[in-house]
Amino acid sequence: MHRQPLIGISGSMNTEESQYFIKRDYVRSLTEAGAIPLLLAPDMTDEQARQCAEELDGLLLSGGNDVSPRCFGQEPVQGLGEVNPLRDQSELRLVKLFLEKEKPILGICRGVQMLNVALGGSLYQDIGKQHKSSVQINHSQEEKDAVHPAHKVNVIRDTPLHQFSKGLLQIGVNSLHHQAINKLAEPLRSMAAADDGIIEAVYHPEKDFVIGVQWHPEILGISDSFS
């Protein structure tokens with residue numbers, strides 16, 4: 001019998017930290033792709049997290065609440081949303097361990113932000129407050145509308161995203177965020193950006209598969225429509 005890959009998912013926590021949860025779209029996308037998803041608890045010990053990195057085949061960093069600016073050496077600014085230090089520290093640990101084991105990592109929305117922070121980059125805590133551009137982009141569409149693209153991104157040639165999108169240089173993406181990459185971590189390279197300059201996708205050129213996207217492909221996939 002063919003062994004299906006085991007993919008660990010770093011999920012969300014409620015405000016009271018009494019529940020872990022993951023939205024079904026992530027799980028369904030993995031199972032449809034032939035993988036077995038497993039929700040990783042932030043309460044794991046270092047040794048338990050290390051064992052996960054050794055035995056699992058990959059890591060998915062999911063979307064969710066804001067990344068705390070403490071993780072990249074900044075004080076909170078007005079516009080910062082709810083943060084969860086336990087989740088932040090768990091994901092920083094997981095990224096480190098999966099990188100050490102040369103295992104694939106995919107970061108989605110918050111996940112690409114956490115990947116960037118874990119490797120030494122920083123974030124806009126709130127795009128509207130901190131990012132200045134003459135181009136207006138809808139980065140925060142209604143969640144119910146995320147089955148449709150909110151804006152386009154410009155794909156950089158000869159990157160993994162250029163290959164995944166079958167050579168398209170512009171793709172439509174949904175958009176459910178108000179934080180975004182500011183300083184790009186030194187090991188990472190941009191794969192796409194919005195017209196306002198916000199980095200929308202990154203990859204690690206020295207790793208087989210360490211990738212992050214700012215949109216939600218588990219909902220939308222890849223679209224060549226911008227409307």
# chains A, B, ... in the order shown; residues from 1 in each chain; ligands from 1
>>> select_by_dssp(residues="region 87-163 of chain A", states="alpha helix (DSSP H)", output="ChimeraX atom specification")
/A:87-100,110-118,127-130,160-163
>>> closest_atom_pairs(of="region 88-119 of chain A", to="region 60-71 of chain A", cutoff="10 Å", atoms="only C-alpha atoms", output="tab-separated table")
residue	atom	partner	partner_atom	distance
A:Asp88	CA	A:Val67	CA	6.6
A:Gln89	CA	A:Cys71	CA	8.4
A:Glu91	CA	A:Leu61	CA	7.6
A:Leu92	CA	A:Cys71	CA	8.9
A:Leu94	CA	A:Leu61	CA	9.2
A:Val95	CA	A:Leu61	CA	8.8
A:Pro104	CA	A:Leu60	CA	8.6
A:Ile105	CA	A:Leu60	CA	5.9
A:Leu106	CA	A:Leu60	CA	4.9
A:Gly107	CA	A:Leu61	CA	4.6
A:Ile108	CA	A:Ser62	CA	5.3
A:Cys109	CA	A:Gly63	CA	5.0
A:Arg110	CA	A:Gly63	CA	4.5
A:Gly111	CA	A:Leu61	CA	4.5
A:Val112	CA	A:Leu61	CA	7.6
A:Gln113	CA	A:Val67	CA	7.6
A:Met114	CA	A:Val67	CA	6.9
A:Leu115	CA	A:Leu61	CA	8.2
A:Val117	CA	A:Cys71	CA	7.0
A:Ala118	CA	A:Cys71	CA	8.2
>>> closest_residue(among="A:Arg87, A:Arg189, A:Lys101, A:Arg28", to="Asp57 (chain A)", atoms="only C-alpha atoms")
A:Lys101
>>> closest_residue(among="A:His151, A:His162, A:Lys23, A:Lys129", to="Gly79 (chain A)", atoms="only C-alpha atoms")
A:Lys129
>>> closest_residue(among="A:Ile156, A:Leu161, A:Leu168, A:Val210", to="Leu188 (chain A)", atoms="only C-alpha atoms")
A:Val210
>>> select_by_dssp(residues="region 1-226 of chain A", states="strand (DSSP E)", output="compact mmCIF listing (two decimals) with all heavy atoms, in the first residue's frame")
# COMPACT_ATOMS: atom_id res chain seq x y z
N LEU A 6 2.69 12.42 5.87
CA LEU A 6 2.10 12.98 7.08
C LEU A 6 2.50 14.45 7.19
O LEU A 6 3.69 14.77 7.24
CB LEU A 6 2.59 12.21 8.31
CG LEU A 6 2.30 10.71 8.35
CD1 LEU A 6 2.98 10.07 9.57
CD2 LEU A 6 0.81 10.44 8.37
N ILE A 7 1.51 15.33 7.22
CA ILE A 7 1.77 16.77 7.26
C ILE A 7 1.26 17.35 8.57
O ILE A 7 0.07 17.27 8.88
CB ILE A 7 1.10 17.49 6.08
CG1 ILE A 7 1.52 16.86 4.75
CG2 ILE A 7 1.43 18.98 6.11
CD1 ILE A 7 3.01 16.92 4.46
N GLY A 8 2.16 17.93 9.34
CA GLY A 8 1.77 18.61 10.56
C GLY A 8 1.22 19.99 10.26
O GLY A 8 1.77 20.72 9.44
N ILE A 9 0.12 20.35 10.92
CA ILE A 9 -0.48 21.67 10.75
C ILE A 9 -0.39 22.43 12.07
O ILE A 9 -0.79 21.93 13.11
CB ILE A 9 -1.97 21.59 10.34
CG1 ILE A 9 -2.16 20.74 9.09
CG2 ILE A 9 -2.53 22.99 10.11
CD1 ILE A 9 -3.61 20.60 8.68
N SER A 10 0.14 23.63 11.99
CA SER A 10 0.12 24.51 13.15
C SER A 10 -1.16 25.33 13.08
O SER A 10 -1.34 26.16 12.19
CB SER A 10 1.33 25.44 13.13
OG SER A 10 1.26 26.36 14.20
N SER A 12 -4.81 27.29 15.03
CA SER A 12 -5.16 28.46 15.83
C SER A 12 -5.56 28.05 17.24
O SER A 12 -5.81 26.88 17.54
CB SER A 12 -6.32 29.21 15.18
OG SER A 12 -5.97 29.70 13.91
N MET A 13 -5.62 29.06 18.11
CA MET A 13 -6.14 28.89 19.47
C MET A 13 -7.19 29.96 19.72
O MET A 13 -7.09 31.06 19.17
CB MET A 13 -5.03 29.01 20.50
CG MET A 13 -3.93 27.99 20.38
SD MET A 13 -2.76 28.09 21.75
CE MET A 13 -3.76 27.44 23.09
N TYR A 20 -7.80 24.25 20.63
CA TYR A 20 -7.05 24.31 19.38
C TYR A 20 -8.05 24.07 18.26
O TYR A 20 -8.99 23.30 18.43
CB TYR A 20 -5.99 23.20 19.28
CG TYR A 20 -5.06 23.06 20.45
CD1 TYR A 20 -4.79 21.81 20.99
CD2 TYR A 20 -4.42 24.16 21.00
CE1 TYR A 20 -3.92 21.65 22.06
CE2 TYR A 20 -3.55 24.02 22.06
CZ TYR A 20 -3.31 22.75 22.60
OH TYR A 20 -2.46 22.61 23.64
N PHE A 21 -7.80 24.67 17.10
CA PHE A 21 -8.69 24.38 15.98
C PHE A 21 -8.00 24.71 14.66
O PHE A 21 -7.02 25.44 14.62
CB PHE A 21 -10.01 25.15 16.10
CG PHE A 21 -9.85 26.65 16.10
CD1 PHE A 21 -9.94 27.38 14.92
CD2 PHE A 21 -9.62 27.33 17.28
CE1 PHE A 21 -9.80 28.75 14.92
CE2 PHE A 21 -9.49 28.72 17.29
CZ PHE A 21 -9.57 29.43 16.11
N ILE A 36 -1.93 13.12 4.75
CA ILE A 36 -2.65 12.93 6.00
C ILE A 36 -2.31 14.10 6.92
O ILE A 36 -1.15 14.26 7.32
CB ILE A 36 -2.27 11.60 6.67
CG1 ILE A 36 -2.63 10.43 5.76
CG2 ILE A 36 -2.95 11.47 8.03
CD1 ILE A 36 -2.14 9.09 6.26
N PRO A 37 -3.29 14.95 7.26
CA PRO A 37 -3.02 16.11 8.12
C PRO A 37 -3.11 15.78 9.59
O PRO A 37 -3.98 15.01 10.03
CB PRO A 37 -4.12 17.10 7.72
CG PRO A 37 -5.25 16.23 7.25
CD PRO A 37 -4.65 14.95 6.71
N LEU A 38 -2.21 16.35 10.38
CA LEU A 38 -2.19 16.15 11.82
C LEU A 38 -2.03 17.51 12.50
O LEU A 38 -1.09 18.25 12.19
CB LEU A 38 -1.04 15.23 12.23
CG LEU A 38 -1.05 13.82 11.64
CD1 LEU A 38 0.27 13.12 11.91
CD2 LEU A 38 -2.20 13.01 12.21
N LEU A 39 -2.92 17.86 13.40
CA LEU A 39 -2.86 19.13 14.10
C LEU A 39 -1.81 19.05 15.21
O LEU A 39 -1.85 18.15 16.05
CB LEU A 39 -4.23 19.48 14.69
CG LEU A 39 -4.34 20.81 15.42
CD1 LEU A 39 -4.00 21.98 14.49
CD2 LEU A 39 -5.75 20.98 15.99
N LEU A 40 -0.88 20.00 15.20
CA LEU A 40 0.23 20.01 16.16
C LEU A 40 -0.12 20.93 17.33
O LEU A 40 -0.42 22.11 17.14
CB LEU A 40 1.51 20.48 15.48
CG LEU A 40 1.98 19.64 14.29
CD1 LEU A 40 3.24 20.22 13.68
CD2 LEU A 40 2.21 18.19 14.71
N GLY A 58 6.26 16.99 6.46
CA GLY A 58 6.21 18.41 6.13
C GLY A 58 5.40 19.17 7.15
O GLY A 58 4.76 18.60 8.03
N LEU A 59 5.47 20.51 7.04
CA LEU A 59 4.80 21.40 7.98
C LEU A 59 3.98 22.43 7.22
O LEU A 59 4.47 23.04 6.26
CB LEU A 59 5.84 22.13 8.85
CG LEU A 59 5.34 23.25 9.77
CD1 LEU A 59 4.44 22.68 10.86
CD2 LEU A 59 6.53 23.99 10.39
N LEU A 60 2.73 22.62 7.63
CA LEU A 60 1.88 23.68 7.11
C LEU A 60 1.63 24.69 8.23
O LEU A 60 1.08 24.34 9.28
CB LEU A 60 0.55 23.11 6.62
CG LEU A 60 -0.53 24.13 6.25
CD1 LEU A 60 -0.08 25.05 5.13
CD2 LEU A 60 -1.83 23.44 5.87
N LEU A 61 2.07 25.93 8.02
CA LEU A 61 1.78 27.02 8.93
C LEU A 61 0.53 27.72 8.44
O LEU A 61 0.53 28.33 7.37
CB LEU A 61 2.95 28.00 8.98
CG LEU A 61 4.30 27.45 9.44
CD1 LEU A 61 5.40 28.46 9.15
CD2 LEU A 61 4.27 27.12 10.93
N ILE A 105 8.22 23.08 4.13
CA ILE A 105 7.38 24.00 4.91
C ILE A 105 6.56 24.83 3.93
O ILE A 105 7.10 25.38 2.97
CB ILE A 105 8.23 24.93 5.79
CG1 ILE A 105 9.07 24.14 6.79
CG2 ILE A 105 7.33 25.93 6.53
CD1 ILE A 105 10.04 25.00 7.60
N LEU A 106 5.27 24.94 4.20
CA LEU A 106 4.40 25.84 3.46
C LEU A 106 3.72 26.77 4.45
O LEU A 106 3.05 26.31 5.37
CB LEU A 106 3.33 25.07 2.68
CG LEU A 106 2.24 25.91 1.99
CD1 LEU A 106 2.84 26.86 0.97
CD2 LEU A 106 1.18 25.02 1.35
N GLY A 107 3.91 28.08 4.27
CA GLY A 107 3.26 29.08 5.10
C GLY A 107 2.14 29.76 4.34
O GLY A 107 2.36 30.22 3.22
N ILE A 108 0.96 29.84 4.94
CA ILE A 108 -0.20 30.46 4.30
C ILE A 108 -0.66 31.64 5.16
O ILE A 108 -0.92 31.49 6.36
CB ILE A 108 -1.34 29.45 4.12
CG1 ILE A 108 -0.95 28.38 3.10
CG2 ILE A 108 -2.63 30.14 3.71
CD1 ILE A 108 -2.00 27.29 2.90
N LEU A 123 7.66 42.56 10.09
CA LEU A 123 6.34 42.71 9.49
C LEU A 123 5.83 44.14 9.62
O LEU A 123 6.23 44.87 10.53
CB LEU A 123 5.33 41.78 10.19
CG LEU A 123 5.64 40.30 10.25
CD1 LEU A 123 4.53 39.59 11.03
CD2 LEU A 123 5.81 39.70 8.87
N TYR A 124 4.93 44.51 8.72
CA TYR A 124 4.04 45.63 8.98
C TYR A 124 3.00 45.11 9.96
O TYR A 124 2.28 44.16 9.66
CB TYR A 124 3.34 46.09 7.70
CG TYR A 124 4.25 46.70 6.66
CD1 TYR A 124 4.51 46.04 5.45
CD2 TYR A 124 4.85 47.94 6.88
CE1 TYR A 124 5.34 46.61 4.49
CE2 TYR A 124 5.69 48.51 5.93
CZ TYR A 124 5.93 47.85 4.74
OH TYR A 124 6.75 48.41 3.80
N HIS A 151 -7.46 40.83 -5.66
CA HIS A 151 -6.53 41.65 -6.44
C HIS A 151 -5.55 40.73 -7.17
O HIS A 151 -5.55 39.52 -6.96
CB HIS A 151 -5.80 42.67 -5.55
CG HIS A 151 -4.92 42.04 -4.50
ND1 HIS A 151 -3.62 41.64 -4.76
CD2 HIS A 151 -5.14 41.76 -3.19
CE1 HIS A 151 -3.09 41.14 -3.66
NE2 HIS A 151 -3.99 41.19 -2.69
N LYS A 152 -4.72 41.30 -7.97
CA LYS A 152 -3.71 40.53 -8.69
C LYS A 152 -2.36 40.66 -8.00
O LYS A 152 -2.12 41.59 -7.23
CB LYS A 152 -3.60 41.02 -10.13
CG LYS A 152 -3.03 42.43 -10.26
CD LYS A 152 -2.96 42.88 -11.70
CE LYS A 152 -2.44 44.32 -11.80
NZ LYS A 152 -2.39 44.80 -13.19
N VAL A 153 -1.49 39.71 -8.26
CA VAL A 153 -0.08 39.81 -7.87
C VAL A 153 0.78 39.59 -9.11
O VAL A 153 0.38 38.88 -10.05
CB VAL A 153 0.30 38.83 -6.76
CG1 VAL A 153 -0.53 39.06 -5.50
CG2 VAL A 153 0.17 37.39 -7.21
N ASN A 154 1.93 40.18 -9.08
CA ASN A 154 2.88 40.07 -10.18
C ASN A 154 3.92 39.02 -9.85
O ASN A 154 4.64 39.15 -8.85
CB ASN A 154 3.54 41.44 -10.43
CG ASN A 154 2.51 42.52 -10.71
OD1 ASN A 154 1.75 42.42 -11.66
ND2 ASN A 154 2.47 43.54 -9.86
N VAL A 155 3.97 37.98 -10.64
CA VAL A 155 4.83 36.83 -10.38
C VAL A 155 6.23 37.08 -10.97
O VAL A 155 6.36 37.56 -12.10
CB VAL A 155 4.22 35.56 -11.00
CG1 VAL A 155 5.12 34.35 -10.76
CG2 VAL A 155 2.82 35.32 -10.44
N GLN A 170 0.98 37.15 -13.96
CA GLN A 170 0.02 37.77 -13.06
C GLN A 170 -1.03 36.73 -12.70
O GLN A 170 -1.51 36.00 -13.58
CB GLN A 170 -0.66 38.98 -13.69
CG GLN A 170 0.23 40.20 -13.83
CD GLN A 170 -0.53 41.41 -14.32
OE1 GLN A 170 -1.51 41.29 -15.06
NE2 GLN A 170 -0.09 42.59 -13.91
N ILE A 171 -1.35 36.66 -11.43
CA ILE A 171 -2.42 35.76 -10.99
C ILE A 171 -3.33 36.50 -10.03
O ILE A 171 -2.94 37.47 -9.38
CB ILE A 171 -1.88 34.48 -10.31
CG1 ILE A 171 -1.02 34.83 -9.09
CG2 ILE A 171 -1.09 33.63 -11.30
CD1 ILE A 171 -0.57 33.61 -8.30
N GLY A 172 -4.58 36.07 -9.97
CA GLY A 172 -5.54 36.63 -9.03
C GLY A 172 -5.48 35.90 -7.70
O GLY A 172 -5.38 34.67 -7.67
N VAL A 173 -5.52 36.64 -6.61
CA VAL A 173 -5.45 36.03 -5.28
C VAL A 173 -6.55 36.60 -4.38
O VAL A 173 -6.99 37.74 -4.56
CB VAL A 173 -4.08 36.26 -4.61
CG1 VAL A 173 -2.96 35.65 -5.45
CG2 VAL A 173 -3.82 37.75 -4.36
N ALA A 180 1.72 42.16 7.00
CA ALA A 180 2.43 41.71 5.80
C ALA A 180 3.93 41.82 6.04
O ALA A 180 4.38 42.48 6.99
CB ALA A 180 2.03 42.54 4.59
N ILE A 181 4.69 41.18 5.17
CA ILE A 181 6.15 41.25 5.26
C ILE A 181 6.62 42.69 5.04
O ILE A 181 6.22 43.35 4.09
CB ILE A 181 6.80 40.31 4.23
CG1 ILE A 181 6.53 38.85 4.60
CG2 ILE A 181 8.30 40.57 4.14
CD1 ILE A 181 6.98 37.87 3.54
N ARG A 189 13.60 34.80 -0.70
CA ARG A 189 13.50 35.61 -1.92
C ARG A 189 12.02 35.78 -2.26
O ARG A 189 11.21 34.88 -2.05
CB ARG A 189 14.22 34.93 -3.09
CG ARG A 189 15.72 34.75 -2.88
CD ARG A 189 16.44 36.08 -2.88
NE ARG A 189 17.89 35.90 -2.70
CZ ARG A 189 18.51 35.92 -1.53
NH1 ARG A 189 17.79 36.08 -0.41
NH2 ARG A 189 19.80 35.75 -1.45
N SER A 190 11.70 36.95 -2.79
CA SER A 190 10.32 37.21 -3.19
C SER A 190 9.97 36.44 -4.46
O SER A 190 10.80 36.32 -5.37
CB SER A 190 10.12 38.71 -3.41
OG SER A 190 8.81 38.97 -3.91
N MET A 191 8.73 35.94 -4.53
CA MET A 191 8.22 35.29 -5.75
C MET A 191 7.12 36.11 -6.40
O MET A 191 6.80 35.88 -7.57
CB MET A 191 7.66 33.90 -5.43
CG MET A 191 8.66 32.89 -4.95
SD MET A 191 7.99 31.20 -5.03
CE MET A 191 6.70 31.27 -3.77
N ALA A 192 6.53 37.05 -5.64
CA ALA A 192 5.42 37.83 -6.18
C ALA A 192 5.16 39.02 -5.28
O ALA A 192 5.42 38.98 -4.07
CB ALA A 192 4.15 36.99 -6.30
N ALA A 193 4.62 40.08 -5.86
CA ALA A 193 4.25 41.27 -5.10
C ALA A 193 2.99 41.87 -5.69
O ALA A 193 2.70 41.74 -6.89
CB ALA A 193 5.38 42.30 -5.11
N ILE A 199 4.90 42.34 -0.51
CA ILE A 199 5.37 41.01 -0.91
C ILE A 199 4.27 39.99 -0.65
O ILE A 199 3.72 39.92 0.45
CB ILE A 199 6.65 40.64 -0.14
CG1 ILE A 199 7.80 41.58 -0.53
CG2 ILE A 199 7.03 39.18 -0.39
CD1 ILE A 199 9.05 41.40 0.31
N GLU A 200 3.97 39.21 -1.66
CA GLU A 200 2.85 38.27 -1.58
C GLU A 200 3.26 36.79 -1.56
O GLU A 200 2.45 35.93 -1.25
CB GLU A 200 1.90 38.51 -2.75
CG GLU A 200 1.17 39.84 -2.70
CD GLU A 200 -0.08 39.79 -1.83
OE1 GLU A 200 -0.54 38.68 -1.53
OE2 GLU A 200 -0.59 40.86 -1.47
N ALA A 201 4.51 36.50 -1.91
CA ALA A 201 4.96 35.10 -1.90
C ALA A 201 6.48 35.07 -1.80
O ALA A 201 7.16 35.93 -2.38
CB ALA A 201 4.50 34.37 -3.15
N VAL A 202 7.01 34.09 -1.08
CA VAL A 202 8.46 33.97 -0.87
C VAL A 202 8.87 32.51 -0.98
O VAL A 202 8.04 31.60 -0.86
CB VAL A 202 8.89 34.53 0.50
CG1 VAL A 202 8.47 35.99 0.66
CG2 VAL A 202 8.32 33.69 1.65
N TYR A 203 10.16 32.31 -1.17
CA TYR A 203 10.72 30.96 -1.12
C TYR A 203 12.15 31.03 -0.62
O TYR A 203 12.78 32.09 -0.61
CB TYR A 203 10.66 30.28 -2.49
CG TYR A 203 11.67 30.77 -3.51
CD1 TYR A 203 12.75 29.98 -3.91
CD2 TYR A 203 11.55 32.04 -4.10
CE1 TYR A 203 13.67 30.42 -4.85
CE2 TYR A 203 12.45 32.49 -5.04
CZ TYR A 203 13.51 31.67 -5.41
OH TYR A 203 14.43 32.13 -6.34
N VAL A 210 10.60 25.30 0.75
CA VAL A 210 10.26 26.18 1.87
C VAL A 210 9.64 27.42 1.22
O VAL A 210 10.34 28.25 0.64
CB VAL A 210 11.48 26.55 2.72
CG1 VAL A 210 11.12 27.58 3.78
CG2 VAL A 210 12.06 25.30 3.39
N ILE A 211 8.31 27.52 1.32
CA ILE A 211 7.55 28.47 0.52
C ILE A 211 6.47 29.10 1.39
O ILE A 211 5.93 28.46 2.29
CB ILE A 211 6.90 27.74 -0.69
CG1 ILE A 211 7.96 27.45 -1.76
CG2 ILE A 211 5.75 28.53 -1.29
CD1 ILE A 211 7.47 26.61 -2.89
N GLY A 212 6.16 30.36 1.12
CA GLY A 212 5.06 31.02 1.80
C GLY A 212 4.28 31.89 0.84
O GLY A 212 4.86 32.52 -0.05
N VAL A 213 2.96 31.93 1.01
CA VAL A 213 2.11 32.80 0.20
C VAL A 213 1.20 33.58 1.13
O VAL A 213 0.75 33.06 2.16
CB VAL A 213 1.28 32.01 -0.84
CG1 VAL A 213 2.20 31.33 -1.83
CG2 VAL A 213 0.36 31.00 -0.18
>>> atom_distance(atom1="CA of Ser133 (chain A)", atom2="CA of Gly120 (chain A)")
24.5 Å
>>> atom_distance(atom1="CA of Pro187 (chain A)", atom2="CA of Asn138 (chain A)")
28.4 Å
>>> closest_residue(among="A:Ile127, A:Ala146, A:Ile198, A:Ile137", to="Gln78 (chain A)", atoms="only C-alpha atoms")
A:Ile127
>>> atom_distance(atom1="CA of Asp43 (chain A)", atom2="CA of Leu184 (chain A)")
29.0 Å
>>> residues_around(residues="Ser140 (chain A)", least_positions_apart="6", cutoff="6 Å", atoms="only C-alpha atoms", output="PyMOL selection string")
chain A and resi 175-177
>>> closest_residue(among="A:Gln179, A:Asn14, A:Asn116, A:Asn174", to="Asp145 (chain A)", atoms="only C-alpha atoms")
A:Asn174
>>> closest_residue(among="A:Thr31, A:Asp25, A:Glu16, A:Thr159", to="His204 (chain A)", atoms="only C-alpha atoms")
A:Thr159
